[in-house]
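J.: I have a structure here, written as structure tokens, and I will follow up with some questions on it.
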Amino acid sequence: MLTLIDGIEAFIGRLKAIHPLLPWLVALLLLLPVPHFTANNYQVYLINFICIMIILATGLNIVKGFAGQVTVGHVALYAIGAYTSAVLSTKFGMPFYVNLPVSILAAMIFGVLVGLPSFRLEGAYLALATLAFAQAVEVYIRVTNYLGAASGIGGIKPPEFFGFTLRNYDEYYYLVMPIMLLAVYASFAILRSATGRAFMAVREDPISAASMGVNVRRYKLIAFVMSAFYAGLAGSLYAHMLPGYVHPNNFTVIEMVTVLLMVVLGGIGNIWGGIIGAIIVTIVADITREYYFYQLLLFGAVIVGTVLFMPKGIGGIIDRYFVNRRFVAARELTAVAKRGVVGSASREE
Amino acid sequence: MKKSLNCLVIAGVLAAGSAWAGEIRIGATMRMISENGQKYGEMMQDEFAAINESGGINGHTVKLILLNDECKSDKGVANANKFAYQDNVHLIIGSTCSSVSLPIVDVTAQAEVPQIIPHSTNDQITRKNSAWVFRVPISSRYYKGVVSKYLHDKVGDQIAYVYASDAAAMSETQGLIQQMRDVYGVEPVYEAQTQEKEIDFRSHLVTIKDLNPDAIFFGGLQEPIARFLVQSYEVGIPASVVRAAGSAASNAPVPKLAGDAVKGVFFSAAYSDSDDRPIAQLFNSYVRSRYGIKGVDHDFSQAYDLIRIVEIALGNADLSLEDDDLAADRTAIRDAIANVQGYEGLASGPISFCADPTPECRDGNRTPVLIQYLEGGEDFKVGILDRVTMPVEFGL
Amino acid sequence: MIVDFLVVGFSIGLVYAIVALGISLIYSGLDIVHFAHGEFVMFGAFFGLVLVNDSGLNYPISIFLAMIFAGLMGVFVERVFYRRLTSKGGGYTVAGMGMIICGFGMAIILQNVAFLIWGAEGHAIQVDFGTPLKIGTVNLPKSYLWILCVSVTLMAVLHFFLKHTKAGLAIRAVAANKDIAYLMGINVPLMISLIFGLACGLAAVGGVLIGPINYVQVEMGYLILIKAFAAAVVGGFGSLPGAILGGLMVGIFETLGAAYISGSHKDIYAFLLLIAVLVIKPTGLLGQLAKSKA
């Protein structure tokens with residue numbers, strides 16, 4: 001296992017040395033033939049679902065893990081993205097390539113609305129405000145006949161490009177996978193830039209961050225809008241995936257806890273956190289499908305256990321392994337250098 | 001020694017695994033974390049186990065895979081996909097929730113797996129014109145016809161409606177309102193939606209009390225119905241105002257929870273506890289002794305009818321059960337279910353299907369019974385007000 | 001008519017107020033928001049159910065015992081699970097966020113444990129309150145009077161306990177500043193457990209009080225919890241009189257909203273009120289200035 005991680009890291013490092021975008025291209029090439037290696041259609045469906053969850057969890061990790069804003073309203077933004085697409089597709093007959101940007105825009109507008117209270121509210125207060133927002137959105141969808149109310153909206157058309165329609169999960173994979181990769185790439189690029197460092201400064205200590213010249217309000221808002229972007233993207237992709245049906249039951253607090261579990265287990269504030277978490281949680285949820293009486297109990301226990309005993313999640317453990325190894329390597333290096341110095345000194349004598 | 005024993009066991013399991021190739025696989029997705037689904041699931045497992053013990057169907061054993069969808073469409077769709085592509089089932093049973101059955105219809109239509117629905121009443125399910133879907137319970141379009149006629153003829157036109165935001169209650173109540181409007185030209189005096197698990201209906205009820213209607217209609221799940229009835233007396237709505245409820249009122253917890261408040265409440269359902277046919281009496285005593293349920297409701301009768309229909313259809317279908325013939329077997333099962341005509345079981349009326357992928361052919365039962373509670377509590381009593389067989393095209 | 005609505009809003013508001021009291025107590029004492037508090041309402045209601053229906057105890061004694069049991073359960077959960085986080089100091093630190101996430105996880109665990117014990121079916125606590133009182137045109141069920149009496153008694157006892165006993169003084173000292181309380185010789189860990197137990201006991205009382213009217217069910221906690229959150233915030237988070245005022249306001253506000261604006265949107269009003277209060281005056285109506293970082 002460890003040698004595998006080492007090998008992958010070394011390989012990525014070598015690719016990066018050639019061109020920074022090369023690892024991503026290799027990842028794309030590796031992921032392209034995946035549907036042909038799966039045993040059946042259901043597994044492709046699961047992989048598509050994992051891609052959507054990765055986008056959603058990455059978004060939550062940005063605002064929660066990096067900017068340190070305790071939001072519980074992420075699923076509401078996901079719902080807004082999904083319902084915008086659903087309404088545009090079924091009521092106005094709009095195609096996918098219009099729905100996707102409009103859904104993202106709608107989610108981002110609401111992201112601003114969620115982000116504004118964060119100027120004045122912190123910690124627990126913000127959690128409560130966003131919880132109230134999420135609950136209000138869910139209840140509003142549930143009782144509004146235009147939005148299908150409790151019957152949900154069905155018959156959302158699958159995406160169509162130049163007369164070619166993505167009619168099954170295999171074809172949908174070639175839409176959702178590249179978008180996921182792009183979204184993950186964007187999150188890496190932003191979080192490793194000055195913006196990402198500003199987020200972390202805001203998380204660690206807003207007051208010191210402000211004194212260092214970071215515009216705290218601005219970066220809080222950017223974090224919220226970015227996470228809304230991801231939520232809207234995931235929502236739109238979810239709505240258009242077969243069978244094209246959205247229902248308020250899919251956007252409740254249980255879903256919020258599931259996404260939370262992904263981020264926490266993967267490593268909150270870890271750049272890989274959302275990705276690791278989304279993959280593991282979706283697969284475990286599938287394996288434990290037949291043990292439905294105990295599934296949620298397991299999820300709850302994993303959340304509590306992770307928070308108590310592994311606050312940095314799986315991503316944190318992997319990180320620590322790298323840091324340790326680098327530390328060991330650095331010590332060896334200095335030891336070698338010292339010996340060299342001693343050696344040369346003795347020769348001079 | 002132990003190791004070799006383990007190897008033997010594993011070899012045995014593998015041998016048994018290959019022998020299972022000739023079994024009929026059935027996948028069921030339901031809301032399991034609720035009293036309703038749990039009992040449904042238990043009953044299905046027991047019944048299919050009994051079929052297997054008595055030699056199976058045409059010598060084939062039946063394997064039932066039971067999954068939970070929590071009444072969430074994404075989980076239900078995932079379950080249906082798993083059944084269709086991974087478990088390669090021959091038949092899908094599900095779901096108990098209309099909001100899950102609706103999207104699954106599209107999945108089964110694309111995967112070409114027959115789907116038989118145990119407990120979803122939303123009329124849109126069969127209106128999708130999928131060739132692969134069959135419904136054992138009564139569609140909400142038949143319920144609304146019976147209830148609206150009874151309300152108009154016997155009770156009055158001033159009706160207040162409150163309904164929970166779940167797909168079945170919504171289609172039932174909104175259909176009823178629409179029916180009253182279209183056929184009798186009556187507008188509701190009050191109409192409001194509540195949350196599925198609402199605990200406090202009194203703000204609605206106080207308003208309704210002031211409007212002084214002839215009747216109140218409540219659509220929702222069993223616990224909210226009971227709460228609603230109790231609270232309606234609490235705010236002082238007199239007993240002279242008729243209380244009507246959705247088909248979920250037939251579920252046993254309602255009279256137990258609501259106690260005396262349930263007296264006089266009427267609803268339409270697919271089965272009545274006080275049915276005096278011998279088969280129904282037999283069934284009642286069987287369920288009472290086996291599952292410890294005092295009031296046998298139409299959840300049980302529908303689960304039982306569904307299993308019998310599946311048994312008949314599987315018996316008539318010519319199945320090879322080889323892995324290569326999966327598609328042919330699925331088609332054969334579909335056609336066999338479509339050939340079930342005039343099945344007389346526990347249900348209020350005969351259940352018939354036909355080959356056309358239209359609601360006329362796929363809504364099997366079209367005979368709702370109007371039932372009234374005579375006494376509440378653990379040992380409640382019900383009486384049958386009326387039993388109407390609706391024309392097939394009603395409400396389309 | 002309006003009196004009817006006020007009676008209804010008042011009675012449900014009192015229940016929100018009791019649960020909100022517990023939430024506020026935890027917040028003022030430990031600087032954390034307890035998201036699993038609704039599950040203690042549920043567990044309390046189930047304890048009441050078992051005591052009344054199965055053991056045949058009378059209602060007031062059952063309320064008291066359910067309160068004790070849920071309190072002990074709260075202490076257990078706090079000692080075993082939360083202590084690792086609370087000992088680091090909650091509030092706006094990473095531990096504070098950990099506590100919020102941990103609360104969600106704990107809520108799911110407790111809910112599913114209750115499901116495995118009692119199943120998903122709803123049960124009614126069987127108490128016969130007799131016929132409603134009629135005052136003029138207004139109908140006043142006796143169950144409302146029970147809610148009123150019990151909650152007023154509880155609030156009075158809590159007030160007396162906090163303001164006029166030594167343990168109450170110690171709790172207030174811990175709430176004000178844990179480090180200084182330590183130096184003053186107060187057993188801070190014990191006090192934290194006491195706060196938690198008290199709060200969970202209060203939640204249980206809320207559960208038993210609505211048990212006969214609204215039934216006991218595994219999923220009942222969440223809806224009450226978020227209404228109680230709204231109540232606690234509206235009144236001023238951490239302020240005990242504020243929690244009571246907030247509870248009543250939320251109850252009456254949502255009942256009147258359902259009556260005069262739109263019945264279908266009843267559950268949204270409480271959240272809109274909460275968001276409005278948070279945005280306009282985050283400290284709530286009676287709250288002191290939110291504790292801010294140095």
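Labels used: A, B, ... for chains in the order of the structure tokens, numbers from 1 for residues in each chain, and numbers from 1 for ligands as shown.
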What are the residues of chain C that have an atom within 8 Å of an atom of chain B, counting only C-alpha atoms, as a PyMOL selection string?

T.: chain C and resi 1+4-5+8-9+12+119-124+132+139-141+213-215+220+255-256+258-259+262-267

J.: Generate the output file for the selected residues, N, CA and C atoms, as a short mmCIF file (atom, residue, chain, number, x, y, z; two decimals), in the first residue's frame.

T.:
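Generated file (out.cif):
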```
data_model
loop_
_atom_site.label_atom_id
_atom_site.label_comp_id
_atom_site.auth_asym_id
_atom_site.auth_seq_id
_atom_site.Cartn_x
_atom_site.Cartn_y
_atom_site.Cartn_z
N MET C 1 -61.61 33.86 17.70
CA MET C 1 -60.79 33.26 16.64
C MET C 1 -59.30 33.49 16.92
N ASP C 4 -58.19 31.72 19.91
CA ASP C 4 -57.91 30.31 19.62
C ASP C 4 -56.49 30.12 19.13
N PHE C 5 -56.12 30.96 18.16
CA PHE C 5 -54.77 30.84 17.58
C PHE C 5 -53.71 31.10 18.63
N VAL C 8 -53.30 28.08 20.85
CA VAL C 8 -52.57 27.02 20.16
C VAL C 8 -51.09 27.37 20.07
N GLY C 9 -50.81 28.60 19.66
CA GLY C 9 -49.42 29.03 19.51
C GLY C 9 -48.69 29.02 20.83
N ILE C 12 -47.86 25.22 21.93
CA ILE C 12 -46.73 24.59 21.23
C ILE C 12 -45.47 25.41 21.51
N GLY C 119 -38.65 0.41 17.05
CA GLY C 119 -39.28 0.33 15.74
C GLY C 119 -39.75 1.68 15.26
N ALA C 120 -40.32 1.72 14.05
CA ALA C 120 -40.67 3.00 13.45
C ALA C 120 -42.10 3.42 13.75
N GLU C 121 -42.85 2.54 14.35
CA GLU C 121 -44.26 2.84 14.55
C GLU C 121 -44.45 3.98 15.56
N GLY C 122 -45.48 4.79 15.36
CA GLY C 122 -45.79 5.83 16.32
C GLY C 122 -46.60 5.26 17.47
N HIS C 123 -46.40 5.82 18.65
CA HIS C 123 -47.16 5.36 19.81
C HIS C 123 -47.72 6.58 20.50
N ALA C 124 -48.86 6.41 21.17
CA ALA C 124 -49.40 7.49 21.96
C ALA C 124 -49.16 7.18 23.43
N PRO C 132 -62.16 18.93 27.42
CA PRO C 132 -61.57 20.27 27.42
C PRO C 132 -62.42 21.25 28.22
N ASN C 139 -61.89 26.88 23.35
CA ASN C 139 -61.73 25.53 23.84
C ASN C 139 -60.35 25.37 24.44
N LEU C 140 -60.27 24.92 25.66
CA LEU C 140 -58.96 24.81 26.29
C LEU C 140 -58.76 23.38 26.77
N PRO C 141 -58.10 22.52 25.95
CA PRO C 141 -57.88 21.14 26.40
C PRO C 141 -56.99 21.11 27.63
N ILE C 213 -50.25 14.22 22.91
CA ILE C 213 -50.93 14.94 21.83
C ILE C 213 -50.37 14.53 20.48
N ASN C 214 -49.05 14.45 20.40
CA ASN C 214 -48.43 14.33 19.08
C ASN C 214 -47.79 12.99 18.78
N TYR C 215 -47.87 12.06 19.71
CA TYR C 215 -47.31 10.72 19.54
C TYR C 215 -45.79 10.70 19.56
N MET C 220 -39.33 12.11 15.52
CA MET C 220 -39.98 13.33 16.01
C MET C 220 -38.99 14.42 16.41
N THR C 255 -48.09 30.00 14.11
CA THR C 255 -49.52 29.71 14.11
C THR C 255 -50.28 30.83 13.42
N LEU C 256 -49.92 32.07 13.75
CA LEU C 256 -50.61 33.21 13.11
C LEU C 256 -50.27 33.26 11.62
N ALA C 258 -49.59 30.75 9.68
CA ALA C 258 -50.36 29.71 9.00
C ALA C 258 -51.82 30.15 8.86
N ALA C 259 -52.32 30.89 9.86
CA ALA C 259 -53.72 31.27 9.83
C ALA C 259 -53.98 32.40 8.84
N SER C 262 -50.39 31.90 4.80
CA SER C 262 -50.62 30.71 3.99
C SER C 262 -50.35 29.50 4.84
N GLY C 263 -51.33 28.62 4.93
CA GLY C 263 -51.21 27.44 5.79
C GLY C 263 -50.13 26.50 5.33
N SER C 264 -49.94 26.41 4.00
CA SER C 264 -48.98 25.43 3.49
C SER C 264 -47.55 25.77 3.88
N HIS C 265 -47.29 27.07 4.10
CA HIS C 265 -45.92 27.47 4.37
C HIS C 265 -45.62 27.62 5.86
N LYS C 266 -46.44 26.99 6.68
CA LYS C 266 -46.33 27.15 8.13
C LYS C 266 -44.91 26.92 8.64
N ASP C 267 -44.24 25.89 8.15
CA ASP C 267 -42.94 25.54 8.72
C ASP C 267 -41.84 26.49 8.27
#
```

J.: Using only C-alpha atoms, find which residues of chain A lie within 6 Å of chain B and jot them down as a short mmCIF file (atom, residue, chain, number, x, y, z; two decimals) with C-alpha atoms, in the first residue's frame.

T.:
```
data_model
loop_
_atom_site.label_atom_id
_atom_site.label_comp_id
_atom_site.auth_asym_id
_atom_site.auth_seq_id
_atom_site.Cartn_x
_atom_site.Cartn_y
_atom_site.Cartn_z
CA ASN A 40 -22.38 -4.05 -15.75
CA ASN A 41 -24.43 -0.92 -16.20
CA TYR A 42 -25.11 -0.54 -12.53
CA ALA A 150 -44.23 16.13 -3.29
CA SER A 151 -44.66 14.44 -6.67
CA PRO A 243 -34.11 8.74 -15.19
CA ASN A 249 -36.77 13.73 -0.41
CA ASN A 250 -33.34 13.71 -2.06
CA GLU A 290 -28.59 -4.92 2.16
#
```

J.: At a cut-off of 9 Å, list the chain C residues touching chain A, using only C-alpha atoms, as a PyMOL selection string.

T.: chain C and resi 31-33+81-82+84-85+91-94+96-113+115-116+226+229-230+233+237+264-265+267-272+274-275+278-279+282+293

J.: Could you find all residues in stretch 150-229 of chain A that DSSP calls alpha helix (DSSP H) from the backbone, and write them as number ranges by chain?

T.: A: 169-191, 194-204, 206-211, 216-229

J.: Can you tell me how far atom CA of A:Gly73 sits from atom CA of A:Ile222, in Å to one decimal?

T.: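 One can read the atom CA of A:Gly73 to atom CA of A:Ile222 distance as 16.0 Å.
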
J.: From a DSSP pass on the backbone, collect the residues of stretch 135-339 of chain A flagged as strand (DSSP E or B) and hand them back as an MDAnalysis selection string.

T.: chainID A and resid 153 160:161 164:165 246

J.: Go ahead and dump the residues you just picked, C-alpha atoms, as a compact mmCIF listing (two decimals), in the first residue's frame.

T.:
```
# COMPACT_ATOMS: atom_id res chain seq x y z
CA ILE A 153 -40.41 16.68 -11.37
CA GLU A 160 -28.16 16.40 -26.22
CA PHE A 161 -25.23 17.70 -28.27
CA PHE A 164 -26.49 13.17 -30.27
CA THR A 165 -28.36 12.27 -27.10
CA VAL A 246 -35.89 15.20 -8.82
```

J.: Need the shell around stretch 154-159 of chain B: protein/DNA/RNA residues with any atom at most 7 Å away, counting only C-alpha atoms. Skip same-chain ones fewer than 5 positions apart. Format as a list in words?

T.: Val186, Pro188, Val189, Pro213, Asp214, Ala215 and Ile216 of chain B

J.: Mind dumping the selected residues with C-alpha atoms as a PDB file, in the first residue's frame?

T.:
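Result file out-v4.pdb:
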```
ATOM      1  CA  VAL B 186     -67.459  22.938  -6.030  1.00  0.00           C
ATOM      2  CA  PRO B 188     -62.709  23.764  -1.587  1.00  0.00           C
ATOM      3  CA  VAL B 189     -63.482  25.970   1.399  1.00  0.00           C
ATOM      4  CA  PRO B 213     -67.557  23.035   6.675  1.00  0.00           C
ATOM      5  CA  ASP B 214     -69.649  19.904   6.068  1.00  0.00           C
ATOM      6  CA  ALA B 215     -66.591  17.704   6.000  1.00  0.00           C
ATOM      7  CA  ILE B 216     -62.833  17.695   6.487  1.00  0.00           C
TER       8      ILE B 216
END
```

J.: Residues within 7 Å of B:His298, please, as a tab-separated table (two decimals) with C-alpha atoms, in the first residue's frame. Count only C-alpha atoms; anything in the same chain fewer than 4 positions from it doesn't count.

T.:
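The result, written out as out02.tsv:
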```tsv
chain	number	residue	atom	x	y	z
B	250	SER	CA	-56.90	1.85	6.75
B	269	ALA	CA	-59.23	1.34	0.50
B	270	ALA	CA	-58.61	-1.91	-1.29
B	271	TYR	CA	-59.45	-4.23	1.58
B	272	SER	CA	-61.52	-4.20	4.69
B	302	GLN	CA	-52.06	-6.11	-1.25
```

J.: Between atom CA of A:Asn48 and atom CA of B:Ile93, what is the distance, to one decimal in Å?

T.: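 Atom CA of B:Ile93 lies at a distance of 24.9 Å from atom CA of A:Asn48.
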
J.: I'd like the neighbourhood of A:Asp319 as a PyMOL selection string, where a residue qualifies if any of its atoms comes within 12 Å (using only C-alpha atoms), though same-chain residues fewer than 6 positions away should be ignored.

T.: chain A and resi 5-6+9+266-267+269-273+312-313+325-326

J.: Write the selection just made, keeping C-alpha atoms, as a CSV table (one decimal), in the first residue's frame?

T.:
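Dumped to part_35.csv:
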```csv
chain,number,residue,atom,x,y,z
A,5,ILE,CA,1.3,5.6,-2.7
A,6,ASP,CA,5.1,6.3,-3.0
A,9,GLU,CA,3.6,10.3,-6.0
A,266,GLY,CA,-11.8,12.2,3.5
A,267,GLY,CA,-10.2,15.0,5.5
A,269,GLY,CA,-9.5,21.1,4.9
A,270,ASN,CA,-7.5,18.5,2.9
A,271,ILE,CA,-7.3,19.2,-0.8
A,272,TRP,CA,-8.1,15.5,-1.5
A,273,GLY,CA,-10.6,15.3,1.3
A,312,LYS,CA,-7.9,15.3,9.8
A,313,GLY,CA,-9.5,12.3,8.1
A,325,ARG,CA,9.0,10.8,5.0
A,326,ARG,CA,10.1,14.2,3.8
```

J.: Extract, using only C-alpha atoms, all DNA, RNA and protein residues at most 6 Å from A:Gly81, discarding same-chain residues fewer than 6 positions from it, and format them as a PyMOL selection string.

T.: chain A and resi 103+107+232+235-236

J.: Just to be explicit: take each residue in the selection above, keep N, CA and C atoms, and write the result as a CSV table (one decimal), in the first residue's frame.

T.:
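Done, and the output landed in part.csv:
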```csv
chain,number,residue,atom,x,y,z
A,103,SER,N,-28.2,27.0,-14.1
A,103,SER,CA,-28.3,26.4,-12.8
A,103,SER,C,-27.2,26.8,-11.9
A,107,ALA,N,-27.5,28.9,-8.4
A,107,ALA,CA,-26.9,28.4,-7.2
A,107,ALA,C,-26.0,29.5,-6.6
A,232,GLY,N,-24.2,23.8,-7.6
A,232,GLY,CA,-25.1,24.0,-8.7
A,232,GLY,C,-24.7,23.1,-9.9
A,235,GLY,N,-25.8,19.7,-8.9
A,235,GLY,CA,-27.2,19.5,-9.0
A,235,GLY,C,-27.7,19.4,-10.4
A,236,SER,N,-27.2,20.2,-11.3
A,236,SER,CA,-27.6,20.2,-12.7
A,236,SER,C,-27.3,18.8,-13.3
```
